[in-house]
Amino acid sequence: MIYDENDNLLCKHSEYFGEKTNQEAEYLACLKALEIAPKYCTHEIEVYSDSQLVVKQLNRQFRIKEPRLLKIHKEIRQNCLVFKNVVFIQVPRDNPHIKKADKLADEEIKRTIIGK
């Protein structure tokens, strides 16, 4: 989900990535957001996640040991070059935008797996 600085929803996107770990899904969602975001802005953007580990890894505070995650991390870093500044911010799981994103992801999983 992409919002402007006034909290207006600009884009809502969902996509099933297959069976992934939570961390892989967080990384892939971040990558997808950075692929879509340039349609709306190339200045400073803020990327929010409820995963403290992912945010600290993206902010280069924690190392990444898993090769699959390292590959996605490099793609994310490459996509960041489109923007003047990218800030990764950890927010609580009960953040309203995180709840909306989780609901959207759950709906996509149901639509893809169950066919509802």
# chains A, B, ... in the order shown; residues from 1 in each chain; ligands from 1

call {"tool": "select_by_dssp", "arguments": {"residues": "chain A", "states": "alpha helix (DSSP H)", "output": "NGL selection string"}}
result
:A and (22-36 or 52-58 or 67-80 or 96-109)

call {"tool": "residues_around", "arguments": {"residues": "segment 23-27 of chain A", "least_positions_apart": "4", "cutoff": "8 Å", "atoms": "only C-alpha atoms", "output": "NGL selection string"}}
result
:A and (17 or 31 or 49 or 51 or 54 or 69 or 72-73)

call {"tool": "residues_around", "arguments": {"residues": "Lys71 of chain A", "least_positions_apart": "5", "cutoff": "12 Å", "atoms": "only C-alpha atoms", "output": "ChimeraX atom specification"}}
result
/A:24,27-28,31,64-66,76-78

call {"tool": "write_last_selection", "arguments": {"atoms": "N, CA and C atoms", "output": "compact mmCIF listing (two decimals), in the first residue's frame"}}
result
# COMPACT_ATOMS: atom_id res chain seq x y z
N GLU A 24 11.16 -13.59 4.19
CA GLU A 24 11.18 -13.50 2.73
C GLU A 24 9.99 -12.71 2.21
N TYR A 27 10.55 -9.03 2.80
CA TYR A 27 11.52 -8.51 1.84
C TYR A 27 10.89 -8.33 0.45
N LEU A 28 10.14 -9.35 0.02
CA LEU A 28 9.52 -9.28 -1.30
C LEU A 28 8.46 -8.19 -1.38
N LEU A 31 10.35 -4.97 -1.73
CA LEU A 31 10.86 -4.86 -3.10
C LEU A 31 9.76 -4.44 -4.05
N ILE A 64 22.93 -9.92 7.16
CA ILE A 64 22.04 -10.90 6.52
C ILE A 64 22.89 -12.11 6.20
N LYS A 65 22.48 -13.26 6.73
CA LYS A 65 23.25 -14.48 6.51
C LYS A 65 22.64 -15.37 5.43
N GLU A 66 21.34 -15.31 5.28
CA GLU A 66 20.62 -16.17 4.35
C GLU A 66 20.85 -15.69 2.91
N ILE A 76 16.62 -4.65 -3.46
CA ILE A 76 15.99 -3.53 -2.75
C ILE A 76 16.92 -2.33 -2.76
N ARG A 77 18.17 -2.55 -2.42
CA ARG A 77 19.15 -1.45 -2.40
C ARG A 77 19.29 -0.81 -3.79
N GLN A 78 19.26 -1.62 -4.83
CA GLN A 78 19.34 -1.10 -6.20
C GLN A 78 18.12 -0.23 -6.50

call {"tool": "residues_around", "arguments": {"residues": "Glu35 of chain A", "least_positions_apart": "2", "cutoff": "10 Å", "atoms": "only C-alpha atoms", "output": "mmCIF file with C-alpha atoms, in the first residue's frame"}}
result
data_model
loop_
_atom_site.group_PDB
_atom_site.id
_atom_site.type_symbol
_atom_site.label_atom_id
_atom_site.label_comp_id
_atom_site.auth_asym_id
_atom_site.auth_seq_id
_atom_site.Cartn_x
_atom_site.Cartn_y
_atom_site.Cartn_z
ATOM 1 C CA ALA A 29 6.730 -6.913 -0.257
ATOM 2 C CA CYS A 30 9.299 -4.168 0.296
ATOM 3 C CA LEU A 31 10.861 -4.864 -3.097
ATOM 4 C CA LYS A 32 7.464 -4.729 -4.810
ATOM 5 C CA ALA A 33 6.640 -1.429 -3.083
ATOM 6 C CA ALA A 37 6.527 3.694 -5.792
ATOM 7 C CA PRO A 38 8.421 5.584 -8.559
ATOM 8 C CA LYS A 39 5.104 5.969 -10.392
ATOM 9 C CA GLU A 75 17.646 -5.741 -5.351
ATOM 10 C CA ILE A 76 15.989 -3.533 -2.751
ATOM 11 C CA ASN A 79 15.720 0.084 -6.347
ATOM 12 C CA CYS A 80 16.438 2.635 -3.614
ATOM 13 C CA VAL A 82 15.688 5.798 -7.897
#

call {"tool": "atom_distance", "arguments": {"atom1": "atom CA of Tyr48 of chain A", "atom2": "atom CA of Val91 of chain A"}}
result
6.5 Å

call {"tool": "closest_residue", "arguments": {"among": "A:Ile2, A:Ile89, A:Ile109, A:Ile114", "to": "Gln52 of chain A", "atoms": "only C-alpha atoms"}}
result
A:Ile89

call {"tool": "residues_around", "arguments": {"residues": "Leu104 of chain A", "least_positions_apart": "6", "cutoff": "12 Å", "atoms": "only C-alpha atoms", "output": "JSON, numbers by chain"}}
result
{"A": [1, 12, 13, 14, 15, 16, 29, 97, 98, 110, 111]}

call {"tool": "write_last_selection", "arguments": {"atoms": "N, CA and C atoms", "output": "mmCIF file, in the first residue's frame"}}
result
data_model
loop_
_atom_site.group_PDB
_atom_site.id
_atom_site.type_symbol
_atom_site.label_atom_id
_atom_site.label_comp_id
_atom_site.auth_asym_id
_atom_site.auth_seq_id
_atom_site.Cartn_x
_atom_site.Cartn_y
_atom_site.Cartn_z
ATOM 1 N N MET A 1 0.848 -1.154 0.000
ATOM 2 C CA MET A 1 0.000 0.000 0.000
ATOM 3 C C MET A 1 0.905 1.232 0.000
ATOM 4 N N LYS A 12 -2.924 0.353 -3.996
ATOM 5 C CA LYS A 12 -3.116 -0.855 -3.191
ATOM 6 C C LYS A 12 -2.793 -2.032 -4.103
ATOM 7 N N HIS A 13 -1.801 -2.820 -3.718
ATOM 8 C CA HIS A 13 -1.349 -3.933 -4.558
ATOM 9 C C HIS A 13 -1.216 -5.183 -3.690
ATOM 10 N N SER A 14 -1.647 -6.301 -4.219
ATOM 11 C CA SER A 14 -1.413 -7.570 -3.532
ATOM 12 C C SER A 14 -0.930 -8.588 -4.551
ATOM 13 N N GLU A 15 -0.086 -9.473 -4.068
ATOM 14 C CA GLU A 15 0.503 -10.476 -4.955
ATOM 15 C C GLU A 15 0.919 -11.664 -4.114
ATOM 16 N N TYR A 16 0.633 -12.858 -4.600
ATOM 17 C CA TYR A 16 1.026 -14.072 -3.890
ATOM 18 C C TYR A 16 2.437 -14.448 -4.340
ATOM 19 N N ALA A 29 7.723 -7.997 -0.294
ATOM 20 C CA ALA A 29 6.730 -6.913 -0.257
ATOM 21 C C ALA A 29 7.417 -5.557 -0.338
ATOM 22 N N HIS A 97 -2.021 0.920 9.320
ATOM 23 C CA HIS A 97 -1.599 0.591 7.954
ATOM 24 C C HIS A 97 -1.074 -0.843 7.861
ATOM 25 N N ILE A 98 -0.407 -1.298 8.904
ATOM 26 C CA ILE A 98 0.069 -2.687 8.927
ATOM 27 C C ILE A 98 -1.129 -3.632 8.961
ATOM 28 N N LYS A 110 -6.035 -16.162 0.294
ATOM 29 C CA LYS A 110 -7.306 -16.888 0.150
ATOM 30 C C LYS A 110 -7.726 -16.964 -1.312
ATOM 31 N N ARG A 111 -7.589 -15.844 -2.023
ATOM 32 C CA ARG A 111 -7.989 -15.788 -3.433
ATOM 33 C C ARG A 111 -7.123 -16.753 -4.268
#

call {"tool": "select_by_dssp", "arguments": {"residues": "chain A", "states": "strand (DSSP E)", "output": "MDAnalysis selection string"}}
result
chainID A and resid 2:3 9:11 44:49 85:90

call {"tool": "write_last_selection", "arguments": {"atoms": "N, CA and C atoms", "output": "PDB file, in the first residue's frame"}}
result
ATOM      1  N   ILE A   2       0.571   2.183  -0.841  1.00  0.00           N
ATOM      2  CA  ILE A   2       1.367   3.401  -0.945  1.00  0.00           C
ATOM      3  C   ILE A   2       0.478   4.587  -0.602  1.00  0.00           C
ATOM      4  N   TYR A   3       0.964   5.392   0.325  1.00  0.00           N
ATOM      5  CA  TYR A   3       0.242   6.582   0.777  1.00  0.00           C
ATOM      6  C   TYR A   3       1.072   7.822   0.482  1.00  0.00           C
ATOM      7  N   LEU A   9      -4.440   7.198   0.301  1.00  0.00           N
ATOM      8  CA  LEU A   9      -4.039   5.976  -0.370  1.00  0.00           C
ATOM      9  C   LEU A   9      -3.850   6.236  -1.865  1.00  0.00           C
ATOM     10  N   LEU A  10      -2.642   5.953  -2.364  1.00  0.00           N
ATOM     11  CA  LEU A  10      -2.337   6.141  -3.784  1.00  0.00           C
ATOM     12  C   LEU A  10      -2.415   4.824  -4.556  1.00  0.00           C
ATOM     13  N   CYS A  11      -2.026   3.735  -3.893  1.00  0.00           N
ATOM     14  CA  CYS A  11      -1.961   2.453  -4.582  1.00  0.00           C
ATOM     15  C   CYS A  11      -2.141   1.317  -3.578  1.00  0.00           C
ATOM     16  N   GLU A  44      11.835  11.692  -1.351  1.00  0.00           N
ATOM     17  CA  GLU A  44      12.016  10.900  -0.138  1.00  0.00           C
ATOM     18  C   GLU A  44      10.791  10.027   0.108  1.00  0.00           C
ATOM     19  N   ILE A  45      11.049   8.771   0.417  1.00  0.00           N
ATOM     20  CA  ILE A  45       9.944   7.886   0.781  1.00  0.00           C
ATOM     21  C   ILE A  45      10.276   7.198   2.102  1.00  0.00           C
ATOM     22  N   GLU A  46       9.226   6.795   2.774  1.00  0.00           N
ATOM     23  CA  GLU A  46       9.363   6.043   4.008  1.00  0.00           C
ATOM     24  C   GLU A  46       8.716   4.682   3.796  1.00  0.00           C
ATOM     25  N   VAL A  47       9.439   3.634   4.170  1.00  0.00           N
ATOM     26  CA  VAL A  47       8.948   2.277   4.045  1.00  0.00           C
ATOM     27  C   VAL A  47       8.743   1.741   5.457  1.00  0.00           C
ATOM     28  N   TYR A  48       7.511   1.348   5.755  1.00  0.00           N
ATOM     29  CA  TYR A  48       7.163   0.877   7.094  1.00  0.00           C
ATOM     30  C   TYR A  48       7.016  -0.632   7.115  1.00  0.00           C
ATOM     31  N   SER A  49       7.480  -1.228   8.193  1.00  0.00           N
ATOM     32  CA  SER A  49       7.339  -2.670   8.399  1.00  0.00           C
ATOM     33  C   SER A  49       7.189  -2.928   9.886  1.00  0.00           C
ATOM     34  N   ASN A  85      15.940   9.789  -1.249  1.00  0.00           N
ATOM     35  CA  ASN A  85      16.175   9.237   0.083  1.00  0.00           C
ATOM     36  C   ASN A  85      15.104   8.206   0.405  1.00  0.00           C
ATOM     37  N   VAL A  86      15.525   7.098   0.997  1.00  0.00           N
ATOM     38  CA  VAL A  86      14.601   6.063   1.444  1.00  0.00           C
ATOM     39  C   VAL A  86      14.886   5.798   2.915  1.00  0.00           C
ATOM     40  N   VAL A  87      13.830   5.820   3.710  1.00  0.00           N
ATOM     41  CA  VAL A  87      13.950   5.569   5.141  1.00  0.00           C
ATOM     42  C   VAL A  87      13.108   4.340   5.476  1.00  0.00           C
ATOM     43  N   PHE A  88      13.718   3.381   6.152  1.00  0.00           N
ATOM     44  CA  PHE A  88      13.016   2.179   6.593  1.00  0.00           C
ATOM     45  C   PHE A  88      12.693   2.337   8.066  1.00  0.00           C
ATOM     46  N   ILE A  89      11.408   2.183   8.402  1.00  0.00           N
ATOM     47  CA  ILE A  89      10.941   2.455   9.755  1.00  0.00           C
ATOM     48  C   ILE A  89      10.155   1.262  10.287  1.00  0.00           C
ATOM     49  N   GLN A  90      10.496   0.849  11.504  1.00  0.00           N
ATOM     50  CA  GLN A  90       9.766  -0.232  12.160  1.00  0.00           C
ATOM     51  C   GLN A  90       8.607   0.366  12.937  1.00  0.00           C
TER      52      GLN A  90
END

call {"tool": "decode", "arguments": {"residues": "segment 79-111 of chain A", "atoms": "N, CA and C atoms", "output": "short mmCIF file (atom, residue, chain, number, x, y, z; two decimals), in the first residue's frame"}}
result
data_model
loop_
_atom_site.label_atom_id
_atom_site.label_comp_id
_atom_site.auth_asym_id
_atom_site.auth_seq_id
_atom_site.Cartn_x
_atom_site.Cartn_y
_atom_site.Cartn_z
N ASN A 79 16.94 -0.68 -6.10
CA ASN A 79 15.72 0.08 -6.35
C ASN A 79 15.68 1.37 -5.54
N CYS A 80 16.39 1.41 -4.43
CA CYS A 80 16.44 2.63 -3.61
C CYS A 80 17.14 3.78 -4.35
N LEU A 81 17.97 3.44 -5.31
CA LEU A 81 18.74 4.47 -6.03
C LEU A 81 17.85 5.40 -6.86
N VAL A 82 16.63 4.98 -7.13
CA VAL A 82 15.69 5.80 -7.90
C VAL A 82 15.26 7.02 -7.09
N PHE A 83 15.30 6.90 -5.78
CA PHE A 83 14.79 7.95 -4.90
C PHE A 83 15.92 8.79 -4.33
N LYS A 84 15.60 10.03 -3.97
CA LYS A 84 16.59 10.88 -3.32
C LYS A 84 16.95 10.34 -1.95
N ASN A 85 15.94 9.79 -1.25
CA ASN A 85 16.18 9.24 0.08
C ASN A 85 15.10 8.21 0.40
N VAL A 86 15.52 7.10 1.00
CA VAL A 86 14.60 6.06 1.44
C VAL A 86 14.89 5.80 2.91
N VAL A 87 13.83 5.82 3.71
CA VAL A 87 13.95 5.57 5.14
C VAL A 87 13.11 4.34 5.48
N PHE A 88 13.72 3.38 6.15
CA PHE A 88 13.02 2.18 6.59
C PHE A 88 12.69 2.34 8.07
N ILE A 89 11.41 2.18 8.40
CA ILE A 89 10.94 2.46 9.75
C ILE A 89 10.16 1.26 10.29
N GLN A 90 10.50 0.85 11.50
CA GLN A 90 9.77 -0.23 12.16
C GLN A 90 8.61 0.37 12.94
N VAL A 91 7.42 -0.20 12.74
CA VAL A 91 6.22 0.24 13.45
C VAL A 91 5.59 -0.96 14.14
N PRO A 92 4.77 -0.71 15.16
CA PRO A 92 4.12 -1.83 15.86
C PRO A 92 3.16 -2.59 14.96
N ARG A 93 2.96 -3.83 15.29
CA ARG A 93 2.06 -4.69 14.51
C ARG A 93 0.63 -4.16 14.50
N ASP A 94 0.26 -3.40 15.54
CA ASP A 94 -1.12 -2.88 15.60
C ASP A 94 -1.28 -1.54 14.88
N ASN A 95 -0.25 -1.12 14.16
CA ASN A 95 -0.34 0.09 13.34
C ASN A 95 -1.48 -0.10 12.33
N PRO A 96 -2.36 0.90 12.16
CA PRO A 96 -3.50 0.74 11.25
C PRO A 96 -3.11 0.37 9.81
N HIS A 97 -2.02 0.92 9.32
CA HIS A 97 -1.60 0.59 7.95
C HIS A 97 -1.07 -0.84 7.86
N ILE A 98 -0.41 -1.30 8.90
CA ILE A 98 0.07 -2.69 8.93
C ILE A 98 -1.13 -3.63 8.96
N LYS A 99 -2.12 -3.29 9.75
CA LYS A 99 -3.33 -4.12 9.81
C LYS A 99 -4.01 -4.21 8.44
N LYS A 100 -4.08 -3.08 7.73
CA LYS A 100 -4.69 -3.06 6.40
C LYS A 100 -3.86 -3.90 5.42
N ALA A 101 -2.55 -3.78 5.50
CA ALA A 101 -1.68 -4.55 4.61
C ALA A 101 -1.79 -6.04 4.90
N ASP A 102 -1.86 -6.40 6.18
CA ASP A 102 -2.03 -7.81 6.55
C ASP A 102 -3.34 -8.36 6.02
N LYS A 103 -4.39 -7.57 6.13
CA LYS A 103 -5.71 -8.00 5.64
C LYS A 103 -5.66 -8.20 4.12
N LEU A 104 -5.02 -7.27 3.42
CA LEU A 104 -4.88 -7.37 1.97
C LEU A 104 -4.10 -8.63 1.59
N ALA A 105 -3.03 -8.93 2.34
CA ALA A 105 -2.23 -10.13 2.07
C ALA A 105 -3.05 -11.39 2.33
N ASP A 106 -3.79 -11.39 3.43
CA ASP A 106 -4.64 -12.55 3.75
C ASP A 106 -5.68 -12.79 2.65
N GLU A 107 -6.27 -11.72 2.16
CA GLU A 107 -7.26 -11.84 1.09
C GLU A 107 -6.63 -12.41 -0.18
N GLU A 108 -5.41 -11.98 -0.49
CA GLU A 108 -4.71 -12.48 -1.67
C GLU A 108 -4.39 -13.96 -1.53
N ILE A 109 -3.98 -14.37 -0.36
CA ILE A 109 -3.67 -15.79 -0.12
C ILE A 109 -4.93 -16.62 -0.29
N LYS A 110 -6.04 -16.16 0.29
CA LYS A 110 -7.31 -16.89 0.15
C LYS A 110 -7.73 -16.96 -1.31
N ARG A 111 -7.59 -15.84 -2.02
CA ARG A 111 -7.99 -15.79 -3.43
C ARG A 111 -7.12 -16.75 -4.27
#
